[in-house]
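Text of protein20.cif (mmCIF, C-alpha atoms and all ligand atoms) as supplied:
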data_query
#
loop_
_atom_site.label_atom_id
_atom_site.label_comp_id
_atom_site.auth_asym_id
_atom_site.auth_seq_id
_atom_site.Cartn_x
_atom_site.Cartn_y
_atom_site.Cartn_z
CA MET A 25 0.00 0.00 0.00
CA PRO A 26 1.30 3.51 -0.75
CA LEU A 27 1.80 6.02 2.01
CA LYS A 28 -1.67 6.85 3.24
CA THR A 29 -2.79 10.35 4.06
CA ASN A 30 -6.03 11.49 5.56
CA LYS A 31 -6.94 14.99 4.54
CA LYS A 32 -9.23 15.69 7.46
CA THR A 33 -6.68 14.76 10.12
CA ASN A 34 -3.88 16.59 8.35
CA LYS A 35 -5.89 19.78 8.34
CA LYS A 36 -6.57 19.47 12.05
CA ILE A 37 -2.91 18.89 12.76
CA SER A 38 -1.69 21.80 10.66
CA LYS A 39 -4.13 24.15 12.40
CA LYS A 40 -2.76 23.05 15.77
CA ILE A 41 0.78 23.48 14.51
CA THR A 42 0.07 27.06 13.56
CA GLN A 43 -1.54 27.92 16.87
CA SER A 44 0.96 26.30 19.18
CA ALA A 45 3.91 27.36 17.07
CA LEU A 46 2.80 30.95 17.18
CA THR A 47 2.40 30.94 20.93
CA ILE A 48 5.75 29.30 21.48
CA ALA A 49 7.61 31.37 18.92
CA LEU A 50 6.28 34.57 20.45
CA SER A 51 6.80 33.71 24.07
CA LEU A 52 9.99 31.68 24.08
CA CYS A 53 11.58 32.34 20.71
CA LEU A 54 12.29 28.63 20.33
CA PRO A 55 12.97 27.25 16.88
CA LEU A 56 9.67 26.38 15.26
CA ALA A 57 10.38 22.83 14.16
CA ALA A 58 11.28 21.43 17.56
CA SER A 59 8.11 22.52 19.29
CA ALA A 60 5.63 22.54 16.47
CA ASN A 61 3.47 19.79 17.89
CA ALA A 62 3.52 20.51 21.59
CA ASN A 63 0.21 18.75 22.17
CA ASN A 64 0.29 15.99 19.62
CA ILE A 65 2.28 13.08 18.40
CA SER A 66 3.74 14.58 15.25
CA LEU A 67 2.72 12.71 12.11
CA GLU A 68 5.51 14.44 10.21
CA SER A 69 8.29 13.42 12.55
CA MET A 70 6.82 9.92 12.90
CA THR A 71 6.87 9.54 9.12
CA LYS A 72 10.42 10.85 8.88
CA ASP A 73 11.69 8.44 11.55
CA ILE A 74 10.11 5.30 10.15
CA THR A 75 11.09 6.23 6.59
CA TYR A 76 14.74 6.24 7.64
CA LEU A 77 14.65 3.27 10.02
CA ALA A 78 12.94 1.06 7.44
CA SER A 79 15.06 2.27 4.52
CA ASP A 80 17.32 0.05 2.42
CA GLU A 81 20.28 2.09 3.66
CA LEU A 82 20.10 0.16 6.96
CA ASN A 83 20.14 -3.16 5.13
CA GLY A 84 17.70 -4.88 7.48
CA ARG A 85 19.39 -3.86 10.78
CA ALA A 86 20.86 -7.28 11.59
CA SER A 87 22.50 -7.71 15.00
CA PHE A 88 26.34 -7.61 14.73
CA SER A 89 26.19 -5.84 11.34
CA LYS A 90 27.61 -2.38 10.56
CA ASP A 91 24.20 -1.40 9.32
CA ILE A 92 22.50 -1.71 12.70
CA ASP A 93 25.04 0.80 14.08
CA LYS A 94 23.63 3.40 11.69
CA ALA A 95 20.22 2.84 13.25
CA ALA A 96 21.69 3.14 16.76
CA THR A 97 23.37 6.41 15.81
CA TYR A 98 20.14 7.77 14.34
CA ILE A 99 18.15 6.89 17.49
CA SER A 100 20.89 8.43 19.70
CA GLU A 101 20.84 11.62 17.69
CA ARG A 102 17.08 11.82 17.97
CA PHE A 103 17.27 11.32 21.76
CA GLN A 104 19.93 14.05 21.92
CA GLU A 105 17.87 16.47 19.83
CA ILE A 106 14.77 15.77 21.92
CA GLY A 107 16.69 16.51 25.11
CA LEU A 108 16.81 13.14 26.89
CA VAL A 109 19.77 12.20 29.11
CA PRO A 110 21.67 8.89 29.25
CA MET A 111 20.73 6.25 31.79
CA LYS A 112 22.43 6.45 35.20
CA GLY A 113 25.93 4.96 34.93
CA GLU A 114 26.15 5.41 31.14
CA LYS A 115 28.14 8.12 29.35
CA SER A 116 26.02 8.05 26.22
CA PHE A 117 22.69 6.84 24.97
CA LYS A 118 24.44 3.84 23.47
CA GLN A 119 24.61 0.98 25.96
CA THR A 120 27.22 -1.33 24.49
CA PHE A 121 27.93 -4.79 25.88
CA ASP A 122 29.65 -8.07 25.04
CA ILE A 123 27.83 -11.16 23.98
CA ILE A 124 29.37 -14.60 23.89
CA ASN A 125 28.91 -16.52 20.67
CA ILE A 126 29.26 -20.30 20.80
CA ALA A 127 29.61 -21.74 17.31
CA PRO A 128 29.65 -25.52 16.72
CA LYS A 129 32.95 -26.44 15.07
CA LYS A 130 32.98 -30.21 14.92
CA LEU A 131 30.54 -32.99 15.81
CA SER A 132 30.76 -36.74 15.25
CA ALA A 133 29.26 -39.78 16.93
CA THR A 134 29.15 -43.56 16.75
CA LEU A 135 26.29 -45.57 18.17
CA ASN A 136 26.76 -49.33 18.61
CA ASN A 137 29.97 -48.91 16.56
CA ASN A 138 28.12 -47.38 13.62
CA ALA A 139 29.07 -43.88 12.57
CA ILE A 140 26.07 -41.56 12.59
CA ALA A 141 25.47 -39.64 9.37
CA ASP A 142 25.97 -35.90 9.59
CA ASP A 143 22.35 -35.03 8.90
CA HIS A 144 21.20 -37.41 11.67
CA LEU A 145 23.24 -35.56 14.27
CA GLY A 146 22.55 -32.23 15.96
CA MET A 147 23.79 -30.36 19.01
CA ALA A 148 23.18 -27.37 21.24
CA SER A 149 26.20 -26.96 23.48
CA THR A 150 27.82 -24.38 25.71
CA ILE A 151 30.82 -26.70 26.30
CA GLU A 152 34.09 -26.16 24.44
CA ASN A 153 35.15 -29.82 24.21
CA ILE A 154 32.96 -32.90 24.46
CA ASN A 155 34.34 -36.41 24.55
CA TRP A 156 31.67 -38.82 25.74
CA THR A 157 32.54 -42.50 25.80
CA SER A 158 30.07 -44.00 28.28
CA ASP A 159 26.63 -43.25 29.62
CA LYS A 160 28.25 -41.99 32.83
CA ASP A 161 29.17 -38.82 30.91
CA PHE A 162 25.58 -37.75 30.25
CA SER A 163 21.96 -38.74 30.82
CA THR A 164 20.13 -40.59 28.07
CA HIS A 165 16.63 -39.86 26.80
CA VAL A 166 14.57 -41.61 24.15
CA ILE A 167 11.93 -39.79 22.14
CA GLY A 168 9.68 -42.48 20.69
CA LYS A 169 7.34 -42.25 17.73
CA ASP A 170 4.40 -41.02 19.84
CA ASP A 171 6.31 -38.77 22.24
CA ASN A 172 6.19 -34.97 22.17
CA MET A 173 9.65 -34.03 20.93
CA ARG A 174 9.30 -30.28 21.50
CA GLU A 175 8.26 -30.83 25.11
CA VAL A 176 11.19 -33.14 25.87
CA ILE A 177 13.85 -30.91 24.28
CA SER A 178 12.47 -27.79 25.93
CA GLY A 179 12.31 -29.60 29.29
CA LEU A 180 16.00 -30.55 29.02
CA ASN A 181 16.82 -26.96 28.14
CA GLN A 182 15.03 -25.73 31.27
CA LYS A 183 16.83 -28.32 33.38
CA GLY A 184 20.35 -27.86 31.98
CA GLY A 185 23.15 -30.45 32.17
CA LYS A 186 24.49 -32.96 29.64
CA HIS A 187 22.04 -35.00 27.60
CA LEU A 188 22.05 -37.52 24.78
CA VAL A 189 18.68 -37.79 23.03
CA LEU A 190 17.79 -40.67 20.71
CA ILE A 191 15.00 -39.42 18.47
CA ASN A 192 12.79 -41.75 16.48
CA THR A 193 12.87 -41.13 12.72
CA ALA A 194 9.13 -40.36 12.81
CA HIS A 195 10.25 -36.93 14.07
CA ALA A 196 12.65 -36.37 11.12
CA LYS A 197 11.11 -33.06 10.10
CA MET A 198 11.17 -31.49 13.53
CA PHE A 199 14.65 -32.90 14.12
CA ALA A 200 15.85 -31.11 10.98
CA GLY A 201 14.32 -27.86 12.27
CA TYR A 202 16.12 -28.08 15.62
CA ARG A 203 19.34 -29.22 13.96
CA GLY A 204 19.35 -26.18 11.65
CA TYR A 205 18.51 -23.83 14.50
CA PHE A 206 21.29 -25.17 16.73
CA ALA A 207 23.81 -25.19 13.86
CA ARG A 208 23.62 -21.38 13.73
CA GLY A 209 25.29 -21.32 17.15
CA LEU A 210 24.22 -20.03 20.53
CA ASN A 211 24.51 -16.58 22.09
CA LYS A 212 24.95 -15.98 25.82
CA LEU A 213 25.36 -12.95 28.02
CA GLN A 214 27.33 -15.02 30.51
CA LEU A 215 28.91 -18.45 30.16
CA ASP A 216 27.46 -19.56 33.46
CA HIS A 217 26.27 -23.01 32.53
CA GLN A 218 28.11 -25.95 30.99
CA GLY A 219 25.44 -27.94 29.25
CA ALA A 220 24.73 -29.81 26.04
CA ILE A 221 21.93 -31.55 24.22
CA VAL A 222 23.23 -33.98 21.59
CA MET A 223 20.50 -35.33 19.33
CA ILE A 224 20.72 -38.48 17.23
CA LEU A 225 17.98 -39.35 14.74
CA THR A 226 17.70 -43.13 15.00
CA ASP A 227 15.20 -45.93 15.48
CA ASP A 228 17.52 -47.50 18.09
CA ALA A 229 16.13 -46.94 21.55
CA ALA A 230 19.16 -48.33 23.43
CA PHE A 231 22.91 -48.82 22.92
CA ASP A 232 25.82 -50.98 24.00
CA SER A 233 28.50 -48.54 22.97
CA ILE A 234 28.63 -44.83 22.33
CA ASN A 235 31.14 -42.20 21.34
CA VAL A 236 30.43 -38.51 20.94
CA SER A 237 33.10 -36.03 20.07
CA ALA A 238 32.38 -32.32 19.66
CA GLN A 239 34.02 -28.92 19.74
CA THR A 240 32.67 -25.39 19.81
CA LYS A 241 34.37 -22.08 19.13
CA ILE A 242 33.69 -19.40 21.71
CA THR A 243 34.09 -15.74 20.71
CA LYS A 244 32.89 -12.35 21.93
CA GLN A 245 30.99 -9.74 19.96
CA LYS A 246 29.53 -6.33 20.75
CA LEU A 247 25.89 -5.31 20.79
CA THR A 248 24.29 -1.95 21.54
CA ASN A 249 21.00 -0.83 23.08
CA VAL A 250 20.00 2.82 22.87
CA VAL A 251 18.51 4.18 26.08
CA GLY A 252 17.36 7.72 26.89
CA VAL A 253 15.79 9.12 30.04
CA LEU A 254 13.46 12.02 30.73
CA PRO A 255 13.96 12.55 34.49
CA GLY A 256 10.81 12.80 36.58
CA LYS A 257 9.78 16.15 38.01
CA LYS A 258 8.50 14.60 41.28
CA SER A 259 9.16 10.87 41.61
CA LYS A 260 12.55 10.51 39.92
CA ASP A 261 13.10 6.95 41.12
CA GLU A 262 9.88 5.61 39.65
CA ILE A 263 10.37 4.62 36.04
CA VAL A 264 7.87 4.19 33.25
CA LEU A 265 9.66 2.26 30.52
CA TYR A 266 8.72 2.57 26.85
CA SER A 267 10.58 0.09 24.67
CA ALA A 268 10.84 -1.51 21.25
CA HIS A 269 13.48 -3.52 19.41
CA TYR A 270 15.35 -1.86 16.57
CA ASP A 271 17.14 -4.94 15.20
CA HIS A 272 15.74 -7.11 12.44
CA LEU A 273 16.83 -9.92 10.13
CA GLY A 274 19.32 -8.23 7.80
CA ALA A 275 19.48 -9.20 4.15
CA ALA A 276 19.32 -12.49 2.32
CA PRO A 277 22.72 -13.36 0.85
CA THR A 278 21.80 -13.76 -2.81
CA GLY A 279 19.09 -13.99 -5.39
CA GLU A 280 15.96 -11.92 -5.84
CA ASP A 281 15.53 -8.21 -6.63
CA ASP A 282 14.55 -7.38 -3.07
CA VAL A 283 16.78 -9.11 -0.55
CA ILE A 284 16.48 -6.65 2.33
CA TYR A 285 14.35 -7.48 5.33
CA ASN A 286 13.38 -3.87 6.06
CA GLY A 287 11.36 -4.78 9.14
CA ALA A 288 9.21 -1.68 8.74
CA ASP A 289 6.50 -3.15 10.93
CA ASP A 290 8.89 -5.42 12.90
CA ASP A 291 9.94 -3.29 14.63
CA ALA A 292 10.85 0.02 13.03
CA SER A 293 7.23 0.93 13.86
CA GLY A 294 7.72 0.39 17.60
CA THR A 295 11.11 2.12 17.57
CA THR A 296 9.53 5.10 15.83
CA ALA A 297 6.78 5.09 18.45
CA ILE A 298 9.18 5.36 21.40
CA ILE A 299 11.15 8.19 19.74
CA ASN A 300 7.95 10.13 19.15
CA LEU A 301 6.54 9.41 22.61
CA ALA A 302 9.84 10.73 24.01
CA GLN A 303 9.42 13.88 21.92
CA TYR A 304 5.79 14.28 22.98
CA PHE A 305 6.37 13.89 26.73
CA THR A 306 9.52 16.04 26.66
CA GLU A 307 7.61 18.85 25.00
CA LYS A 308 4.82 18.53 27.56
CA GLY A 309 7.48 18.77 30.23
CA ASN A 310 5.35 17.81 33.24
CA ASN A 311 6.11 14.11 33.81
CA ALA A 312 6.04 13.30 37.53
CA ARG A 313 7.80 9.94 37.05
CA SER A 314 11.01 9.35 35.12
CA LEU A 315 10.39 8.09 31.62
CA MET A 316 12.86 5.73 30.06
CA PHE A 317 12.95 5.04 26.33
CA SER A 318 14.80 1.92 25.33
CA ALA A 319 15.55 0.70 21.81
CA PHE A 320 16.71 -2.90 22.26
CA THR A 321 19.11 -4.79 20.05
CA ALA A 322 19.14 -8.55 19.35
CA GLU A 323 15.46 -9.26 19.98
CA GLU A 324 15.23 -11.40 16.86
CA ILE A 325 18.11 -13.64 17.97
CA GLY A 326 16.99 -14.25 21.55
CA GLY A 327 16.23 -10.97 23.33
CA PHE A 328 19.78 -10.26 24.51
CA GLY A 329 19.40 -6.47 24.46
CA SER A 330 16.58 -6.49 27.00
CA ARG A 331 18.32 -9.19 29.06
CA TYR A 332 21.45 -7.04 29.43
CA PHE A 333 19.39 -3.91 30.03
CA SER A 334 17.37 -5.61 32.78
CA GLN A 335 20.61 -6.19 34.73
CA GLN A 336 21.58 -2.49 34.64
CA LEU A 337 18.77 -1.22 36.85
CA ASN A 338 16.64 -2.26 39.78
CA PRO A 339 13.54 -3.83 38.25
CA ASP A 340 11.54 -2.84 41.35
CA ASP A 341 11.90 0.79 40.21
CA VAL A 342 10.14 0.05 36.92
CA VAL A 343 6.47 0.80 37.51
CA ALA A 344 5.46 -0.52 34.09
CA MET A 345 6.97 -1.54 30.78
CA VAL A 346 5.12 -0.59 27.62
CA ASN A 347 6.85 -2.61 24.91
CA ILE A 348 5.70 -1.67 21.43
CA GLU A 349 5.85 -4.35 18.73
CA MET A 350 4.50 -4.14 15.19
CA ILE A 351 1.93 -1.34 15.20
CA GLY A 352 2.26 -0.35 11.53
CA LYS A 353 -0.99 -1.80 10.26
CA PRO A 354 -4.64 -1.93 11.36
CA SER A 355 -5.41 -4.72 13.81
CA LYS A 356 -8.25 -7.20 13.58
CA PHE A 357 -10.14 -4.74 15.82
CA GLY A 358 -9.87 -1.96 13.24
CA VAL A 359 -7.75 0.99 12.11
CA GLY A 360 -5.77 2.54 14.98
CA GLU A 361 -6.82 -0.19 17.41
CA MET A 362 -4.26 -2.15 19.42
CA TRP A 363 -4.11 -5.14 21.74
CA MET A 364 -1.70 -6.20 24.47
CA THR A 365 -0.08 -9.47 25.56
CA GLY A 366 -0.52 -11.01 29.01
CA MET A 367 -3.43 -8.73 29.93
CA GLU A 368 -4.44 -11.11 32.75
CA ARG A 369 -1.01 -10.98 34.39
CA SER A 370 -1.37 -7.45 35.83
CA ASN A 371 -4.06 -4.77 35.97
CA LEU A 372 -2.12 -2.42 33.65
CA GLY A 373 -4.55 -3.03 30.78
CA ALA A 374 -7.59 -2.26 32.93
CA LEU A 375 -5.97 0.96 34.21
CA LEU A 376 -5.02 2.10 30.71
CA ASN A 377 -8.55 1.45 29.53
CA GLU A 378 -9.89 3.78 32.22
CA SER A 379 -7.82 6.54 30.59
CA LEU A 380 -9.03 5.64 27.11
CA LYS A 381 -12.74 5.78 27.93
CA ASP A 382 -13.15 9.42 26.84
CA LYS A 383 -11.30 8.71 23.62
CA GLY A 384 -13.84 6.01 22.77
CA THR A 385 -11.24 3.32 22.29
CA GLU A 386 -9.61 0.56 24.35
CA VAL A 387 -6.63 -1.77 24.52
CA HIS A 388 -7.93 -5.19 23.49
CA GLN A 389 -6.87 -8.60 24.75
CA ASP A 390 -4.27 -10.52 22.73
CA PRO A 391 -6.40 -12.24 20.07
CA TYR A 392 -3.75 -14.92 19.39
CA PRO A 393 -3.17 -16.65 22.77
CA GLU A 394 -2.08 -19.87 21.02
CA GLN A 395 0.94 -18.00 19.60
CA ASN A 396 2.49 -17.41 23.05
CA LEU A 397 3.27 -13.81 22.16
CA PHE A 398 3.81 -12.80 25.80
CA TYR A 399 7.06 -14.78 25.62
CA ARG A 400 8.02 -13.71 22.11
CA SER A 401 9.24 -10.21 22.79
CA ASP A 402 11.41 -8.23 25.19
CA ASN A 403 8.64 -7.68 27.75
CA ALA A 404 9.02 -11.28 29.00
CA THR A 405 12.52 -10.58 30.35
CA LEU A 406 11.26 -7.77 32.59
CA ALA A 407 8.11 -9.72 33.50
CA ARG A 408 10.38 -12.48 34.86
CA LEU A 409 11.56 -9.85 37.35
CA GLY A 410 8.04 -8.92 38.40
CA VAL A 411 7.59 -5.82 36.24
CA PRO A 412 4.10 -5.32 34.76
CA ALA A 413 5.67 -5.72 31.32
CA HIS A 414 3.51 -6.21 28.26
CA SER A 415 3.78 -5.86 24.50
CA PHE A 416 1.36 -3.61 22.64
CA SER A 417 0.70 -4.48 19.03
CA SER A 418 -1.70 -4.30 16.13
CA THR A 419 -0.30 -7.09 13.97
CA GLN A 420 -2.63 -9.60 12.38
CA LEU A 421 -0.05 -12.31 12.83
CA ASP A 422 -2.34 -15.11 11.66
CA LYS A 423 -2.63 -13.70 8.15
CA ASP A 424 0.10 -11.10 7.71
CA LYS A 425 1.89 -12.12 4.51
CA HIS A 426 4.75 -9.71 5.23
CA TYR A 427 5.77 -11.07 8.66
CA HIS A 428 9.51 -11.88 8.54
CA GLN A 429 9.51 -11.39 4.76
CA VAL A 430 11.44 -8.93 2.61
CA SER A 431 8.07 -7.33 1.80
CA ASP A 432 7.74 -5.94 5.35
CA ASP A 433 8.63 -2.49 4.03
CA LEU A 434 7.29 1.04 4.31
CA ALA A 435 4.84 0.65 1.43
CA SER A 436 3.03 -2.14 3.31
CA LEU A 437 2.25 0.09 6.32
CA ASP A 438 -0.77 2.26 7.10
CA LEU A 439 0.89 5.28 8.67
CA GLN A 440 -2.40 6.86 9.65
CA SER A 441 -3.36 3.78 11.67
CA MET A 442 0.10 3.69 13.24
CA HIS A 443 -0.17 7.35 14.20
CA GLN A 444 -3.50 6.68 15.90
CA VAL A 445 -2.00 3.83 17.92
CA ILE A 446 0.86 6.04 19.14
CA GLU A 447 -1.61 8.79 20.08
CA SER A 448 -3.73 6.27 21.97
CA LEU A 449 -0.63 5.08 23.82
CA SER A 450 0.21 8.65 24.81
CA VAL A 451 -3.31 9.13 26.19
CA ALA A 452 -3.51 5.68 27.77
CA THR A 453 -0.22 6.04 29.65
CA GLN A 454 -0.66 9.67 30.78
CA ALA A 455 -1.85 8.67 34.27
CA LEU A 456 1.22 6.41 34.59
CA VAL A 457 3.45 9.31 33.61
CA ASP A 458 1.65 11.57 36.10
CA GLY A 459 2.16 9.05 38.90
CA ASP A 460 -1.59 8.69 39.42
CA ILE A 461 -1.80 4.94 38.77
CA THR A 462 0.47 2.07 39.75
CA PRO A 463 -0.28 -1.31 38.21
CA THR A 464 -0.02 -4.60 40.12
CA ARG A 465 3.23 -6.57 39.70
CA VAL A 466 3.46 -9.71 37.58
CA ASP A 467 3.64 -12.94 39.60
CA ILE A 468 7.12 -14.27 38.76
CA ASN A 469 6.10 -17.81 39.68
CA GLU A 470 3.70 -17.71 36.74
CA VAL A 471 6.36 -16.73 34.19
CA LYS A 472 8.41 -19.47 32.52
CA GLY A 473 12.19 -18.91 32.83
CA HIS A 474 14.88 -18.77 30.15
CA GLY A 475 16.41 -22.05 29.06
CA LYS A 476 19.86 -22.93 30.43
CA ILE A 477 21.44 -24.32 27.26
CA TYR A 478 20.00 -22.58 24.16
ZN ZN A 501 10.46 -10.29 14.38
#
Turn this file's structure into structure tokens for me.
Amino acid sequence: MPLKTNKKTNKKISKKITQSALTIALSLCLPLAASANANNISLESMTKDITYLASDELNGRASFSKDIDKAATYISERFQEIGLVPMKGEKSFKQTFDIINIAPKKLSATLNNNAIADDHLGMASTIENINWTSDKDFSTHVIGKDDNMREVISGLNQKGGKHLVLINTAHAKMFAGYRGYFARGLNKLQLDHQGAIVMILTDDAAFDSINVSAQTKITKQKLTNVVGVLPGKKSKDEIVLYSAHYDHLGAAPTGEDDVIYNGADDDASGTTAIINLAQYFTEKGNNARSLMFSAFTAEEIGGFGSRYFSQQLNPDDVVAMVNIEMIGKPSKFGVGEMWMTGMERSNLGALLNESLKDKGTEVHQDPYPEQNLFYRSDNATLARLGVPAHSFSSTQLDKDKHYHQVSDDLASLDLQSMHQVIESLSVATQALVDGDITPTRVDINEVKGHGKIY
């Protein structure tokens, strides 16, 4: 779809621009552009931000690429221009940290003295050298034809330790999926657990002899979040966190005309939203609580940006986390309508809906509970620490043809709908910003933890 404009709304906005700009220009002599939309989310600046963040110039904003640094610099410069300050303990908006990459280097195995073919062998390992020669070196698991493979593998991941898994060939397709996923290597913030899951696709359910030999290569790489703060005027230590992830999938190596995963919806839209909410609340200038705006890296490869970030502050200080994910298109509830994940886990949604009553809209419940979306974005990391942390979205994930495709570009968005969602978020969260509402905490016993191995 081409860039949508709505004449009626544009007229209303330009009238407001003229009025507020006049007042400000006369009384404070501030430059016009910076304060033009003192009482609105600016459609113009929103459009400018997403146009750049979703452009081909950023080559899909893949974690570890040079291209994602351009996005980080752009977001930093916007935070600077808006007038935010860096997070306590940081010298700049860029929060750079190391991540440990564990790449599989070599893997071979024999079972009952038969060498296992390469494509029947897979491994997720945080151990540098494996040399298993008897079942004392690991625990053995058998996934039979009728067993739930996903459940077993995920259970072992939660438990940690060293495991050999014999997987019946009936699960060949799922085995290939896991094998491919693990072959890309693992990323860790800390190497705090020595564990491995070695998978063999075989109809043997027992063995007399075994030999597994494996090596991984462990290296360090840098990643960067971009975090800006608008200090509170009254309750400085209480933080309202607005977040989104600015990384995406990069570019496909060869082939077609369009190889760039622009990630316009996922999640240049959310990143644009936090920049423009920062601008809006800064211009209003009366936030009682501190507002923190965080653009996370590495969401698409395991949420490492938010995991690092969550260790740099006291989660008890975070009153709420409004994580914004894919708001670039109308939701199944209509144009400009959004929904949130995990609504039942805190009363944040109910409180926000109180504020939206006059606007004649509401935050809807996640319409895709079977997709486990509460766990599929950066909010889950903070929720594990008790923060009322939810993702706000408008995606129609069940039928969006552009999701994780190169066609997720600017032309596929409905900027008018996106603008309405950001405006609704500004209205919905005003009472949070003012310190008038405090949502209940998430029960950490009800949130599933991160896996130990992958
Ligand atoms: Zn994504």
Once 4 Å is added on each side, what centre and edge lengths in Å to one decimal does the axis-aligned box around all listed atoms of range 115-128 of chain A have, as AutoDock Vina command-line options?
--center_x 26.2 --center_y -8.7 --center_z 23.0 --size_x 15.0 --size_y 41.6 --size_z 20.6
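Between CA of His144 in chain A and CA of Gly204 in chain A there is a distance of 11.4 Å.
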Residue contacts of Gly352 in chain A (7 Å, all atoms listed in the file) excluding same-chain residues fewer than 6 positions away, as a PyMOL selection string: chain A and resi 289+293+437-439+441-442
Gap from CA of Gly384 in chain A to CA of Val359 in chain A - Å, one decimal: 13.3 Å
Polymer residues at most 9 Å from Ala288 in chain A, only C-alpha atoms, same-chain spacing of 3 or more positions, as a list of chain:residue names: A:Ile74, A:Thr75, A:Leu77, A:Ala78, A:Ser79, A:Tyr285, A:Asp291, A:Ala292, A:Ser293, A:Met350, A:Gly352, A:Asp432, A:Asp433, A:Leu434, A:Ala435, A:Ser436, A:Leu437
7 Å contact set for range 190-203 of chain A, all atoms listed in the file, chain neighbours under 5 positions out, as a PyMOL selection string: chain A and resi 146-147+165-169+223-227+229
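Take CA of Gly252 in chain A and CA of Ala374 in chain A: the distance between them is 27.5 Å.
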Go through chain A and flag each residue having an atom no more than 8 Å from ligand ZN 501 (chain A); for those, report the closest pair of atoms plus their distance in Å to one decimal, using only C-alpha atoms and all ligand atoms, ordered by chain and rising number, as a tab-separated table.
residue	atom	partner	partner_atom	distance
A:His272	CA	A:ZN501	ZN	6.5
A:Leu273	CA	A:ZN501	ZN	7.7
A:Gly287	CA	A:ZN501	ZN	7.7
A:Asp290	CA	A:ZN501	ZN	5.3
A:Asp291	CA	A:ZN501	ZN	7.0
A:Glu323	CA	A:ZN501	ZN	7.6
A:Glu324	CA	A:ZN501	ZN	5.5
A:Tyr427	CA	A:ZN501	ZN	7.4
A:His428	CA	A:ZN501	ZN	6.1
